[in-house]
Each structure stands twice: as C-alpha cells, then as structure tokens.
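Remarks on the structure that follows.
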Amino acid sequence: MNDVIAEIRKDYIYGLAKRSERADGRALDEYRPIQVEVGLIDKAEGSARVKIGNTQILVGVKLQPGEPFADAPDTGVIITNVELVPLASPSFEPGPPNENAIELARVVDRGVRESGAIDLSQLTLPDGKVWIVFIDVHVLDHDGNLIDASALGALAALVNAKKPSERYGYGPDEALPIKEYPIAVTAVDLDGEIMLDPSLDEETIASSRLTVISGLQGTLAGMQKSGTGTLSTEEIARIVKLASSKAMQIREEFFGGSTDG
Amino acid sequence: MTDIVVPGDLIGASEEYLAGEGTYEERGKIFSAITGTVETNKKDRTVRVLPVMKTPPVLKTGDIVVGRVVDLKNAVVLVDIARIKGQENREIANADQGAIHISNVKDSYVAKLDTEFDQQDIIKAKVIDEKSLRLSTVEKDLGVIKALCSRCRTPLVRKQNKLECPSCERIETRKISDDYGKGII
Amino acid sequence: MEFMKNGKRIDDRLPNELRPIKFEVGALERADGSCYVEHGGNKVIAAVYGPRAVHPRHLQEANRAIIRYRYNMASFSVEERKRPGPDRRSVEISKVSREAIDPVIIKEFYPRSTIDIFVEILQADAGTRSAGINAASVALADAGVPMRGLISSCAVGKVDETVVLDLVKEEDNYGQADMPIAMDVRTGEVTLLQMDGHLTLDEFEQALELGKIGCASIAEMQREALIQKYRGEENE
C-alpha cells in the first residue's frame with residue numbers, strides 16, 4: 001500500500017526538482033538540522049545520539065579485552081553492527097539483519113577503519129590480548145539518510161569512549177586514540193539535481209545514491225553507491241567534491257575543538 | 001482549559017447517558033477508551049470523548065482516498081484503497097477493496113469502463129458508502145492521478161483531455177483528475 | 001552483601017520508595033504512537049504501529065485485532081555486550097508483556113488487523129520488562145488505540161528479609177526474591193505476575209500489597225504524562 005503513496009510523491013518531488021526545490025524547502029546542498037548528544041548510555045564505554053531532522057539513531061561503543069586476529073596480533077579489532085529495529089519504521093521487520101542493515105554497518109565500519117579513525121596499534125594489552133571495539137548502531141526513527149547519521153554517531157561515540165582499563169585490571173581508564181575524523185556525506189540524483197542528505201521520500205524515489213566518506217584533509221576514506229540507478233562520471237565527480245567540502249563543515253561544527261590539536 | 005481524560009477514566013453512568021464514540025460501558029458505568037476531552041450531548045443523551053491525538057484512520061463516508069485499480073469488471077472497477085487524504089502517513093486500520101460503479105465514474109454517460117480506467121492506475125476517489133466501500137470519481141479533482149502506458153509502461157503525460165506516452169506516443173483515455181501528474185492528493 | 005542499613009537501601013531509598021521515573025509521550029516521529037521512559041537507570045523506548053494489515057495473512061482474526069509485542073535489548077544496554085537478536089529470555093518477556101497489555105485493548109474495533117508494539121531497552125538496570133510495559137501502555141494511548149485502562153507495572157522483592165519496592169540491579173541479582181507485577185490499577189486486575197526466589201506466604205501478601213501501591217503511583221504518572229503532553233498541544 002505504501003508504494004501508492006511513494007508513486008504519488010514521486011511526481012511531486014520530481015516536479016520540485018525541476019525547479020531546483022525540495023519538499024521541505026531546503027537548498028539542494030543543505031542538511032536538515034543535525035543534533036549530536038554524547039554519553040547518554042552509562043553502560044556503554046561511549047555513546048552518542050544523532051538526530052538529522054526526524055531521523056534518529058543511537059550508537060553505543062563497548063570495549064572488551066579479546067584475542068587479536070592471528071594475522072594481526074598487534075592491532076585492536078573493530079566490530080560494527082547495525083540494528084534496523086521495527087520500532088524505527090513501518091517498513092522494518094523483526095529478524096536478523098537484512099542486506100540493508102549489513103550494507104549500512106559495513107559502510108560505517110569502512111569509514112572508521114579505512115580512515116584510521118582509531119589508532120588500532122594502541123589497542124594492545126600487556127597480556128597479548130587487544131581491545132575489541134564494538135560499535136553498535138541502533139536506529140530509532142527512520143526518516144532517511146541513515147548512513148550519514150550512523151557514521152556521525154559512530155565517530156561521536158568513539159570520541160566519547162573510554163577504555164574500561166580499570167574494570168579489567170589494566171590501570172586507569174583512558175580515552176581512545178582518535179587519529180582521524182571521517183564524515184559521511186550522502187547525495188542522491190533526482191532528475192539531474194544533486195541533493196545532499198536525502199529525506200526518506202527523496203531516498204525512496206531516487207534510483208541511486210552515493211555516500212562519500214572523507215577525512216581531515218579532504219581525502220577520501222570510503223565510498224558506496226547504492227541502488228539500481230546509474231550516475232555519470234561527471235555527476236560522481238560533482239558529488240565527491242561537494243561531499244568533501246560539506247564534510248569539512250560538519251566536522252568543524254561537531255568536532256572542531258578536538259581536531260584543532 | 002478543558003479537562004483531558006485518559007483510557008479508564010470514569011466519565012458517566014449508563015442510566016444517565018448513552019456511551020458514544022471514544023468510550024466503553026462496564027457494569028452500568030461509562031469510561032473513556034482514549035485520551036481526549038469529554039463532550040456530553042443533552043439532546044440525544046450521549047457522552048463521547050473527542051480525541052486529542054491522531055486516532056487510527058478508518059474509512060468513513062465522505063473521505064477522499066487514494067488507491068490502485070486492481071480489476072475491471074463489466075460494471076465496476078475494483079480499487080485497493082491505500083490511504084485517506086489528510087492521514088497519508090498512517091495505514092488505514094480497516095484497509096480493504098473499494099468499488100466504483102460505472103454510474104459513479106463521471107457526470108456523463110459511460111459506455112465501457114476500459115475507456116476510463118486501466119489496471120494499475122492510481123486514482124483519487126471519494127467514499128460514498130462506508131459500509132459497502134463504494135467509491136465515486138465524479139468530481140473534477142477525482143479520477144486517475146497517475147497512469148502508465150499500456151504498451152510500454154512509461155508514465156503517461158496529460159495532453160488536454162487525453163494522456164500521451166512521451167516514449168511511444170500512444171494516446172490513451174481516462175477519467176482524468178484535475179490533479180493528474182501533480183503528485184498531490 | 002548488606003542491603004539494608006538504618007532502614008534505607010543501597011541507593012538510599014526507603015523500602016516502599018520507587019526510583020525516579022520520567023515519561024516522554026510521542027518521542028518518535030515515524031511510529032503511530034511512542035513513549036520514552038527513564039526509570040532509575042533504565043532507559044526504554046516503546047513504539048506502536050497500527051492497527052495495520054497483518055502479514056502473513058493467516059494470522060489475522062476475523063472479528064478482532066491481534067496484538068504483537070517485541071521486547072528487545074540493545075547490545076550496549078548491559079555491562080557485558082549482549083549479542084543482538086532475540087534470546088530465550090527476551091522471547092519469554094515479549095510473551096508475558098503482550099499478555100499483560102492485551103486484556104485492556106479493545107480489539108473488536110479493528111478486525112483483521114494487527115497492533116504491533118515494539119519495546120527497545122537502551123539501558124538496563126533491573127525492571128526493564130516493567131518499564132517496557134509502562135512505556136508500551138502510554139505509547140498505545142498516544143497511538144489512539146482504544147483501551148479499557150492503562151496497564152502499570154513494577155517489581156517488588158525481598159532483600160535482607162525486607163520486602164522492598166522496585167529493585168535495583170544489585171538487589172535483583174543478589175537479593176532473596178524478585179516479583180514483577182502488572183495491573184489495571186482501576187479494576188485491580190493483575191495482568192502479569194512472575195516470581196523467583198523465596199517468599200513466605202506472609203511476605204508474598206505484603207509484597208503484592210506493596211506492588212499495588214507502586215503500580216498506583218506509576219498509573220498516576222502515566223496519566224499525568226498523557227495529560228501534560230496534550231494540554232501543551234492544546235495551548236499551542
């Protein structure tokens with residue numbers, strides 16, 4: 001039944017796109033209001049709640065001592081998981097993570113891992129174990145652009161996290177060694193117009209989207225094209241440039257204080 | 001300021017009032033079933049609770065609905081009703097199939113339904129009988145609001161009183177709503 | 001472990017005292033109804049979807065709505081990371097919680113539909129099922145689902161031979177008994193009762209009485225939260 005509404009809205013949103021407008025009045029490269037709150041979950045070593053418009057996600061970071069991978073004995077381990085719980089959207093169903101949840105988790109993971117956000121070599125422990133860093137994203141309200149919200153939440157929660165060294169007898173608790181601040185920026189192409197931070201309607205209607213994750217110097221750390229639609233190389237180049245500069249703004253706004261040093 | 005009651009609040013006695021909308025009766029007493037404000041009607045002696053929040057959408061006579069054409073019979077078009085105008089974001093609690101009789105398609109004579117609708121068309125209609133879920137598309141803003149070319153499945157574009165396929169140039173007829181192609185309900 | 005000192009508990013509460021509780025009605029946008037609850041260290045959110053179409057169809061009932069309830073813990077909600085997904089504990093809690101809420105929902109208004117209740121435990125500190133039921137009950141009211149009343153829930157138990165209301169984690173883990181109950185406070189009908197541990201019959205009676213008092217206080221908070229929410233909107 002939902003598809004009927006989506007099909008009707010498609011005409012409306014395309015009609016607006018022809019005039020370079022969006023249903024909520026935003027500029028094409030404008031995000032909905034972003035809110036980041038950290039430290040809401042005492043039971044987690046780090047946590048962050050991110051709202052982008054009506055989209056809301058909660059990220060908990062937990063750290064436990066564990067065995068390193070055999071081929072990398074001197075590096076910590078990151079495990080990222082996303083739960084698209086049915087509370088967040090009428091279209092989510094209970095059950096094990098589907099391909100969307102897994103894709104989302106892997107893109108978030110890639111941003112953190114490939115950008116070198118955490119210095120994994122500093123996660124070793126004296127007894128040969130390493131810290132296992134669990135990044136768990138819990139989606140609470142789905143109104144589009146879960147990737148950017150989840151990636152931002154993961155980073156904010158990592159910055160907020162403390163190694164629970166005391167609990168495991170490894171000395172005083174310490175902040176995680178954060179080295180890089182990867183920010184994901186997602187764009188959709190609607191009728192030739194590139195729009196950042198797609199709302200649920202825009203994301204549902206667009207046949208493809210591109211997420212670009214970039215770091216402090218504007219260099220790229222991860223990308224993901226999603227959807228059956230196509231993008232021209234010119235469009236991709238435009239999105240990459242736009243995303244990298246938008247990421248600078250977002251990073252400055254939420255991590256400005258931490259990145260200066 | 002009016003007082004707000006919540007589910008389970010006592011709002012009257014059965015000997016005094018009839019239990020109306022948003023209420024229920026139990027052992028001679030009337031209670032609120034929802035969160036809202038109490039309204040008593042001395043004339044017909046009913047007490048009801050007017051909701052203060054959005055309640056589950058239920059199809060009522062007079063509602064404007066959108067849906068998809070699923071079948072064309074000799075004299076009726078069957079429509080899967082999707083949403084009620086004004087409550088588009090919430091599923092209809094009693095969602096079902098509605099029917100447009102050939103006499104309720106438009107204000108002029110219709111000889112055959114297949115000149116007015118096709119399978120998969122998205123239409124806007126008015127509920128004229130909530131019990132049997134009979135629908136009407138007589139008014140100007142009612143009728144087909146989105147249709148695909150029956151040959152190549154490209155969305156048809158309105159050209160005056162006809163629909164044209166921008167891809168294969170086929171011309172089709174429909175009972176077209178004034179809102180065809182605008183994407184609004 | 002010593003639980004009672006000078007008549008006070010480890011968190012300085014009296015035996016018959018609830019932890020601080022906060023309700024936020026309509027915390028989510030997408031859901032048809034929602035409620036966020038903080039109950040001591042518990043942080044819980046409930047969402048309601050429906051009445052809506054039932055999939056798969058064979059589950060639908062010709063003359064009434066069916067009720068589904070899913071209790072789920074976020075991986076980060078507990079000290080030791082929990083593996084995501086349902087386990088035997090959450091399946092049981094989902095079942096008894098559904099049965100706790102079901103009796104007050106007027107299901108006959110919405111034949112062939114389902115009313116889905118989703119409870120996410122974001123942080124757990126003993127009494128999550130009760131906090132979930134309290135949130136779910138308010139979320140149902142927020143969704144405009146007709147009900148005969150609100151269901152209120154709390155746990156009672158025994159520590160250091162003392163019957164206490166609303167256990168914290170340590171009391172729950174190392175105490176002598178834990179007994180969550182849920183009820184429709186107006187009618188006095190009990191809709192959920194579980195118990196584990198050791199209670200004498202006298203202590204049980206005492207505990208049930210204390211539980212009723214606890215539920216009554218919570219019912220008042222649920223009521224107040226709903227009224228405040230909509231009174232605020234009326235004035236806007």
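Every chain in the structure tokens takes a letter, A first, then B, and so on in the order presented; its residues are numbered from 1, and the ligands are numbered from 1 following the presented order.
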- Message: Using only C-alpha atoms and a cut-off of 7 Å, which residues of chain B sit close to chain A? Please list them as a list in words.
- Response: Gly67, Ala82, Gly181, Lys182, Gly183 and Ile184 of chain B
- Item | Interface residues on chain C facing chain B, 9 Å, only C-alpha atoms, written as a PyMOL selection string | chain C and resi 30-33+49-53+105-106+110-114+141-150+184+186+223+226-227+230-231+233-235
Can I get the selected residues back with N, CA and C atoms, as a JSON list (two decimals), in the first residue's frame?
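Printed below is result-v5.json as written:
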```json
[["chain", "number", "residue", "atom", "x", "y", "z"],
["C", 30, "ARG", "N", 8.18, 8.56, 13.36],
["C", 30, "ARG", "CA", 7.64, 7.60, 12.40],
["C", 30, "ARG", "C", 6.54, 6.72, 12.99],
["C", 31, "ALA", "N", 6.69, 6.35, 14.24],
["C", 31, "ALA", "CA", 5.73, 5.43, 14.85],
["C", 31, "ALA", "C", 4.37, 6.11, 14.98],
["C", 32, "ASP", "N", 3.30, 5.28, 15.03],
["C", 32, "ASP", "CA", 1.96, 5.84, 15.20],
["C", 32, "ASP", "C", 1.74, 6.32, 16.63],
["C", 33, "GLY", "N", 2.48, 5.74, 17.56],
["C", 33, "GLY", "CA", 2.44, 6.18, 18.94],
["C", 33, "GLY", "C", 3.75, 5.79, 19.58],
["C", 49, "TYR", "N", 2.72, 0.55, 16.18],
["C", 49, "TYR", "CA", 2.30, 0.68, 14.78],
["C", 49, "TYR", "C", 0.96, -0.03, 14.61],
["C", 50, "GLY", "N", 0.01, 0.65, 13.99],
["C", 50, "GLY", "CA", -1.27, 0.02, 13.72],
["C", 50, "GLY", "C", -2.40, 0.70, 14.47],
["C", 51, "PRO", "N", -3.58, 0.11, 14.37],
["C", 51, "PRO", "CA", -3.90, -1.14, 13.69],
["C", 51, "PRO", "C", -3.51, -1.08, 12.21],
["C", 52, "ARG", "N", -2.89, -2.15, 11.71],
["C", 52, "ARG", "CA", -2.49, -2.21, 10.31],
["C", 52, "ARG", "C", -2.67, -3.63, 9.78],
["C", 53, "ALA", "N", -2.47, -3.76, 8.48],
["C", 53, "ALA", "CA", -2.70, -5.06, 7.84],
["C", 53, "ALA", "C", -1.75, -6.12, 8.42],
["C", 105, "ILE", "N", -6.81, -3.76, 25.77],
["C", 105, "ILE", "CA", -7.00, -3.22, 24.43],
["C", 105, "ILE", "C", -8.37, -3.65, 23.89],
["C", 106, "ILE", "N", -9.12, -2.70, 23.37],
["C", 106, "ILE", "CA", -10.43, -3.02, 22.80],
["C", 106, "ILE", "C", -10.20, -3.45, 21.35],
["C", 110, "TYR", "N", -11.17, -3.25, 15.47],
["C", 110, "TYR", "CA", -10.30, -3.33, 14.30],
["C", 110, "TYR", "C", -10.07, -4.77, 13.84],
["C", 111, "PRO", "N", -11.14, -5.39, 13.30],
["C", 111, "PRO", "CA", -10.99, -6.78, 12.86],
["C", 111, "PRO", "C", -9.93, -6.92, 11.77],
["C", 112, "ARG", "N", -9.33, -8.09, 11.71],
["C", 112, "ARG", "CA", -8.37, -8.47, 10.66],
["C", 112, "ARG", "C", -7.10, -7.61, 10.65],
["C", 113, "SER", "N", -6.84, -6.87, 11.72],
["C", 113, "SER", "CA", -5.64, -6.03, 11.73],
["C", 113, "SER", "C", -4.68, -6.50, 12.83],
["C", 114, "THR", "N", -3.51, -5.88, 12.86],
["C", 114, "THR", "CA", -2.58, -6.15, 13.95],
["C", 114, "THR", "C", -2.19, -4.83, 14.61],
["C", 141, "ALA", "N", -1.79, 4.53, 24.05],
["C", 141, "ALA", "CA", -2.70, 5.67, 24.23],
["C", 141, "ALA", "C", -2.32, 6.78, 23.25],
["C", 142, "ASP", "N", -1.02, 6.99, 23.06],
["C", 142, "ASP", "CA", -0.54, 8.02, 22.14],
["C", 142, "ASP", "C", -0.94, 7.70, 20.70],
["C", 143, "ALA", "N", -1.04, 6.39, 20.39],
["C", 143, "ALA", "CA", -1.43, 5.97, 19.04],
["C", 143, "ALA", "C", -2.94, 6.04, 18.85],
["C", 144, "GLY", "N", -3.66, 6.36, 19.92],
["C", 144, "GLY", "CA", -5.12, 6.45, 19.84],
["C", 144, "GLY", "C", -5.80, 5.10, 19.80],
["C", 145, "VAL", "N", -5.10, 4.06, 20.26],
["C", 145, "VAL", "CA", -5.70, 2.73, 20.31],
["C", 145, "VAL", "C", -6.67, 2.70, 21.50],
["C", 146, "PRO", "N", -7.93, 2.33, 21.27],
["C", 146, "PRO", "CA", -8.89, 2.33, 22.38],
["C", 146, "PRO", "C", -8.56, 1.27, 23.43],
["C", 147, "MET", "N", -8.59, 1.68, 24.69],
["C", 147, "MET", "CA", -8.25, 0.77, 25.79],
["C", 147, "MET", "C", -9.21, 0.96, 26.96],
["C", 148, "ARG", "N", -9.39, -0.11, 27.72],
["C", 148, "ARG", "CA", -10.24, -0.02, 28.91],
["C", 148, "ARG", "C", -9.52, 0.67, 30.06],
["C", 149, "GLY", "N", -8.22, 0.79, 29.94],
["C", 149, "GLY", "CA", -7.44, 1.43, 31.01],
["C", 149, "GLY", "C", -5.98, 1.36, 30.66],
["C", 150, "LEU", "N", -5.14, 1.92, 31.51],
["C", 150, "LEU", "CA", -3.69, 1.85, 31.30],
["C", 150, "LEU", "C", -3.15, 0.72, 32.17],
["C", 184, "ASP", "N", -4.14, -3.39, 35.92],
["C", 184, "ASP", "CA", -5.01, -2.25, 35.63],
["C", 184, "ASP", "C", -5.40, -1.73, 37.00],
["C", 186, "ARG", "N", -7.23, 0.65, 38.15],
["C", 186, "ARG", "CA", -8.62, 0.98, 38.46],
["C", 186, "ARG", "C", -9.42, -0.25, 38.87],
["C", 223, "ARG", "N", -0.81, 8.79, 33.53],
["C", 223, "ARG", "CA", -1.95, 9.69, 33.32],
["C", 223, "ARG", "C", -1.47, 11.12, 33.14],
["C", 226, "LEU", "N", 0.37, 11.84, 29.84],
["C", 226, "LEU", "CA", -0.53, 11.98, 28.69],
["C", 226, "LEU", "C", -1.25, 13.32, 28.74],
["C", 227, "ILE", "N", -1.74, 13.67, 29.90],
["C", 227, "ILE", "CA", -2.49, 14.92, 30.03],
["C", 227, "ILE", "C", -1.59, 16.12, 29.74],
["C", 230, "TYR", "N", -0.83, 16.56, 25.94],
["C", 230, "TYR", "CA", -1.89, 17.10, 25.09],
["C", 230, "TYR", "C", -2.40, 18.43, 25.57],
["C", 231, "ARG", "N", -2.28, 18.70, 26.85],
["C", 231, "ARG", "CA", -2.65, 20.02, 27.34],
["C", 231, "ARG", "C", -1.70, 21.04, 26.69],
["C", 233, "GLU", "N", -0.21, 20.75, 23.84],
["C", 233, "GLU", "CA", -0.54, 20.91, 22.43],
["C", 233, "GLU", "C", -1.78, 21.75, 22.22],
["C", 234, "GLU", "N", -2.72, 21.61, 23.16],
["C", 234, "GLU", "CA", -3.96, 22.37, 23.06],
["C", 234, "GLU", "C", -3.70, 23.87, 23.15],
["C", 235, "ASN", "N", -2.71, 24.23, 23.96],
["C", 235, "ASN", "CA", -2.42, 25.65, 24.18],
["C", 235, "ASN", "C", -1.61, 26.28, 23.07]]
```
- Contact residues (chain C, partner chain A, 9 Å, only C-alpha atoms) as a ChimeraX atom specification: /C:28-31,41,43,45-49,70,72,74-81,84-86,117-120,122-124
Suppose we keep N, CA and C atoms; can you now write the selection as a PDB file, in the first residue's frame?
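Final file, part_29.pdb:
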```pdb
ATOM      1  N   LEU C  28       8.964   9.602  19.228  1.00  0.00           N
ATOM      2  CA  LEU C  28       9.372   9.227  17.874  1.00  0.00           C
ATOM      3  C   LEU C  28       8.400   9.793  16.841  1.00  0.00           C
ATOM      4  N   GLU C  29       8.921  10.062  15.644  1.00  0.00           N
ATOM      5  CA  GLU C  29       8.096  10.645  14.589  1.00  0.00           C
ATOM      6  C   GLU C  29       7.414   9.601  13.717  1.00  0.00           C
ATOM      7  N   ARG C  30       8.177   8.555  13.357  1.00  0.00           N
ATOM      8  CA  ARG C  30       7.641   7.596  12.399  1.00  0.00           C
ATOM      9  C   ARG C  30       6.539   6.715  12.988  1.00  0.00           C
ATOM     10  N   ALA C  31       6.693   6.345  14.240  1.00  0.00           N
ATOM     11  CA  ALA C  31       5.729   5.435  14.853  1.00  0.00           C
ATOM     12  C   ALA C  31       4.371   6.112  14.979  1.00  0.00           C
ATOM     13  N   GLY C  41      17.923   3.725  36.466  1.00  0.00           N
ATOM     14  CA  GLY C  41      18.939   3.621  35.421  1.00  0.00           C
ATOM     15  C   GLY C  41      18.420   3.028  34.119  1.00  0.00           C
ATOM     16  N   LYS C  43      16.592   2.962  30.590  1.00  0.00           N
ATOM     17  CA  LYS C  43      16.150   3.849  29.520  1.00  0.00           C
ATOM     18  C   LYS C  43      15.484   2.975  28.472  1.00  0.00           C
ATOM     19  N   ILE C  45      12.378   2.654  25.281  1.00  0.00           N
ATOM     20  CA  ILE C  45      11.507   3.363  24.354  1.00  0.00           C
ATOM     21  C   ILE C  45      10.527   2.364  23.738  1.00  0.00           C
ATOM     22  N   ALA C  46       9.274   2.781  23.630  1.00  0.00           N
ATOM     23  CA  ALA C  46       8.244   1.913  23.061  1.00  0.00           C
ATOM     24  C   ALA C  46       7.598   2.611  21.881  1.00  0.00           C
ATOM     25  N   ALA C  47       7.318   1.829  20.840  1.00  0.00           N
ATOM     26  CA  ALA C  47       6.616   2.356  19.665  1.00  0.00           C
ATOM     27  C   ALA C  47       5.441   1.450  19.346  1.00  0.00           C
ATOM     28  N   VAL C  48       4.367   2.061  18.836  1.00  0.00           N
ATOM     29  CA  VAL C  48       3.193   1.299  18.410  1.00  0.00           C
ATOM     30  C   VAL C  48       2.942   1.590  16.938  1.00  0.00           C
ATOM     31  N   TYR C  49       2.716   0.549  16.175  1.00  0.00           N
ATOM     32  CA  TYR C  49       2.300   0.675  14.780  1.00  0.00           C
ATOM     33  C   TYR C  49       0.960  -0.032  14.613  1.00  0.00           C
ATOM     34  N   ARG C  70       7.170  -7.023  20.920  1.00  0.00           N
ATOM     35  CA  ARG C  70       8.560  -7.448  20.817  1.00  0.00           C
ATOM     36  C   ARG C  70       9.412  -6.639  21.779  1.00  0.00           C
ATOM     37  N   ASN C  72      13.132  -6.039  23.084  1.00  0.00           N
ATOM     38  CA  ASN C  72      14.477  -6.264  22.552  1.00  0.00           C
ATOM     39  C   ASN C  72      15.485  -5.398  23.292  1.00  0.00           C
ATOM     40  N   ALA C  74      19.101  -3.518  23.348  1.00  0.00           N
ATOM     41  CA  ALA C  74      20.223  -3.035  22.547  1.00  0.00           C
ATOM     42  C   ALA C  74      21.499  -3.697  23.076  1.00  0.00           C
ATOM     43  N   SER C  75      22.442  -3.951  22.165  1.00  0.00           N
ATOM     44  CA  SER C  75      23.685  -4.641  22.545  1.00  0.00           C
ATOM     45  C   SER C  75      24.422  -3.917  23.663  1.00  0.00           C
ATOM     46  N   PHE C  76      24.312  -2.572  23.644  1.00  0.00           N
ATOM     47  CA  PHE C  76      25.076  -1.761  24.593  1.00  0.00           C
ATOM     48  C   PHE C  76      24.296  -1.458  25.872  1.00  0.00           C
ATOM     49  N   SER C  77      23.125  -2.077  26.035  1.00  0.00           N
ATOM     50  CA  SER C  77      22.266  -1.707  27.163  1.00  0.00           C
ATOM     51  C   SER C  77      22.720  -2.326  28.482  1.00  0.00           C
ATOM     52  N   VAL C  78      23.610  -3.302  28.387  1.00  0.00           N
ATOM     53  CA  VAL C  78      24.052  -4.001  29.600  1.00  0.00           C
ATOM     54  C   VAL C  78      25.580  -3.952  29.709  1.00  0.00           C
ATOM     55  N   GLU C  79      26.081  -4.237  30.894  1.00  0.00           N
ATOM     56  CA  GLU C  79      27.516  -4.170  31.188  1.00  0.00           C
ATOM     57  C   GLU C  79      28.335  -4.962  30.161  1.00  0.00           C
ATOM     58  N   GLU C  80      28.043  -6.254  30.064  1.00  0.00           N
ATOM     59  CA  GLU C  80      28.719  -7.124  29.099  1.00  0.00           C
ATOM     60  C   GLU C  80      27.928  -7.074  27.793  1.00  0.00           C
ATOM     61  N   ARG C  81      28.580  -6.711  26.666  1.00  0.00           N
ATOM     62  CA  ARG C  81      27.836  -6.546  25.421  1.00  0.00           C
ATOM     63  C   ARG C  81      26.963  -7.761  25.126  1.00  0.00           C
ATOM     64  N   PRO C  84      23.283  -9.217  19.537  1.00  0.00           N
ATOM     65  CA  PRO C  84      21.994  -8.714  19.039  1.00  0.00           C
ATOM     66  C   PRO C  84      21.038  -9.862  18.712  1.00  0.00           C
ATOM     67  N   GLY C  85      19.767  -9.536  18.735  1.00  0.00           N
ATOM     68  CA  GLY C  85      18.750 -10.520  18.352  1.00  0.00           C
ATOM     69  C   GLY C  85      18.110 -11.164  19.558  1.00  0.00           C
ATOM     70  N   PRO C  86      16.989 -11.860  19.308  1.00  0.00           N
ATOM     71  CA  PRO C  86      16.239 -12.446  20.414  1.00  0.00           C
ATOM     72  C   PRO C  86      16.959 -13.637  21.047  1.00  0.00           C
ATOM     73  N   ILE C 117       3.547  -3.727  18.922  1.00  0.00           N
ATOM     74  CA  ILE C 117       4.205  -2.966  19.995  1.00  0.00           C
ATOM     75  C   ILE C 117       5.677  -3.373  20.016  1.00  0.00           C
ATOM     76  N   PHE C 118       6.560  -2.392  19.898  1.00  0.00           N
ATOM     77  CA  PHE C 118       7.996  -2.671  19.902  1.00  0.00           C
ATOM     78  C   PHE C 118       8.645  -1.934  21.062  1.00  0.00           C
ATOM     79  N   VAL C 119       9.341  -2.684  21.902  1.00  0.00           N
ATOM     80  CA  VAL C 119       9.996  -2.089  23.065  1.00  0.00           C
ATOM     81  C   VAL C 119      11.497  -2.309  22.943  1.00  0.00           C
ATOM     82  N   GLU C 120      12.243  -1.226  22.976  1.00  0.00           N
ATOM     83  CA  GLU C 120      13.700  -1.324  22.900  1.00  0.00           C
ATOM     84  C   GLU C 120      14.293  -0.883  24.231  1.00  0.00           C
ATOM     85  N   LEU C 122      17.281   0.491  25.921  1.00  0.00           N
ATOM     86  CA  LEU C 122      18.509   1.190  25.545  1.00  0.00           C
ATOM     87  C   LEU C 122      19.522   1.120  26.670  1.00  0.00           C
ATOM     88  N   GLN C 123      19.041   1.080  27.888  1.00  0.00           N
ATOM     89  CA  GLN C 123      19.922   0.860  29.040  1.00  0.00           C
ATOM     90  C   GLN C 123      19.141   0.094  30.099  1.00  0.00           C
ATOM     91  N   ALA C 124      19.764  -0.946  30.639  1.00  0.00           N
ATOM     92  CA  ALA C 124      19.070  -1.843  31.560  1.00  0.00           C
ATOM     93  C   ALA C 124      19.625  -1.715  32.974  1.00  0.00           C
TER      94      ALA C 124
END
```
- Task: Find the residues near segment 130-142 of chain B: any atom within 9 Å, counting only C-alpha atoms, skip ones fewer than 6 places away on the same chain, and give them as a count of residues only.
- Result: 28
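For Arg68 of chain C, the set of protein, DNA and RNA residues having any atom at most 7 Å away, when counting only C-alpha atoms and skipping those fewer than 5 positions along the same chain, is Arg98, Ile115, Asp116 and Ile117 of chain C.
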Save the residues we just selected, N, CA and C atoms, as a short mmCIF file (atom, residue, chain, number, x, y, z; two decimals), in the first residue's frame?
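This is the output file result.cif:
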```
data_model
loop_
_atom_site.label_atom_id
_atom_site.label_comp_id
_atom_site.auth_asym_id
_atom_site.auth_seq_id
_atom_site.Cartn_x
_atom_site.Cartn_y
_atom_site.Cartn_z
N ARG C 98 3.14 -9.06 26.34
CA ARG C 98 1.98 -8.98 25.44
C ARG C 98 0.72 -9.36 26.20
N ILE C 115 -1.98 -4.89 15.89
CA ILE C 115 -1.40 -3.76 16.61
C ILE C 115 -0.03 -4.23 17.09
N ASP C 116 1.02 -3.61 16.57
CA ASP C 116 2.37 -4.05 16.86
C ASP C 116 3.02 -3.12 17.88
N ILE C 117 3.55 -3.73 18.92
CA ILE C 117 4.20 -2.97 19.99
C ILE C 117 5.68 -3.37 20.02
#
```
Could you write out, as a short mmCIF file (atom, residue, chain, number, x, y, z; two decimals) with C-alpha atoms, in the first residue's frame, all the residues of segment 2-167 of chain B that DSSP marks as helix (DSSP H, G or I)?
```cif
data_model
loop_
_atom_site.label_atom_id
_atom_site.label_comp_id
_atom_site.auth_asym_id
_atom_site.auth_seq_id
_atom_site.Cartn_x
_atom_site.Cartn_y
_atom_site.Cartn_z
CA ILE B 102 -19.95 2.58 -13.80
CA SER B 103 -22.65 5.10 -12.82
CA ASN B 104 -20.27 6.80 -10.35
CA LEU B 113 -15.10 1.17 -18.18
CA ASP B 114 -11.91 0.49 -20.08
CA THR B 115 -12.04 3.95 -21.66
#
```
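When only C-alpha atoms are used to measure the gap to Asn74 of chain B, the shortest distance among B:Lys112, B:Lys42, B:Lys126, B:Lys159 belongs to B:Lys112.
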- Residue neighbourhood Ala216 of chain C, 10 Å, only C-alpha atoms, exclusion window fewer than 3 positions, as a ChimeraX atom specification: /C:151-154,183-186,188,210-213,219-222
- Computed gap from atom CA of Ala135 of chain C to atom CA of Gly144 of chain A is 25.5 Å
- Item | DSSP strand (DSSP E or B) residues within segment 47-233 of chain C, listed as a PyMOL selection string | chain C and resi 47-53+61+64+66-73+105+113-123+147+151-159+162-165+177-184+189-193+196-197
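Between atom CA of Gly39 of chain A and atom CA of Ile57 of chain A the interatomic distance comes to 13.6 Å.
Shell of Met195 of chain C at 9 Å, with only C-alpha atoms counted and residues fewer than 5 places along the chain excluded, is Gly157, Ala177, Asp178, Met179, Pro180 and Ile181 of chain C.
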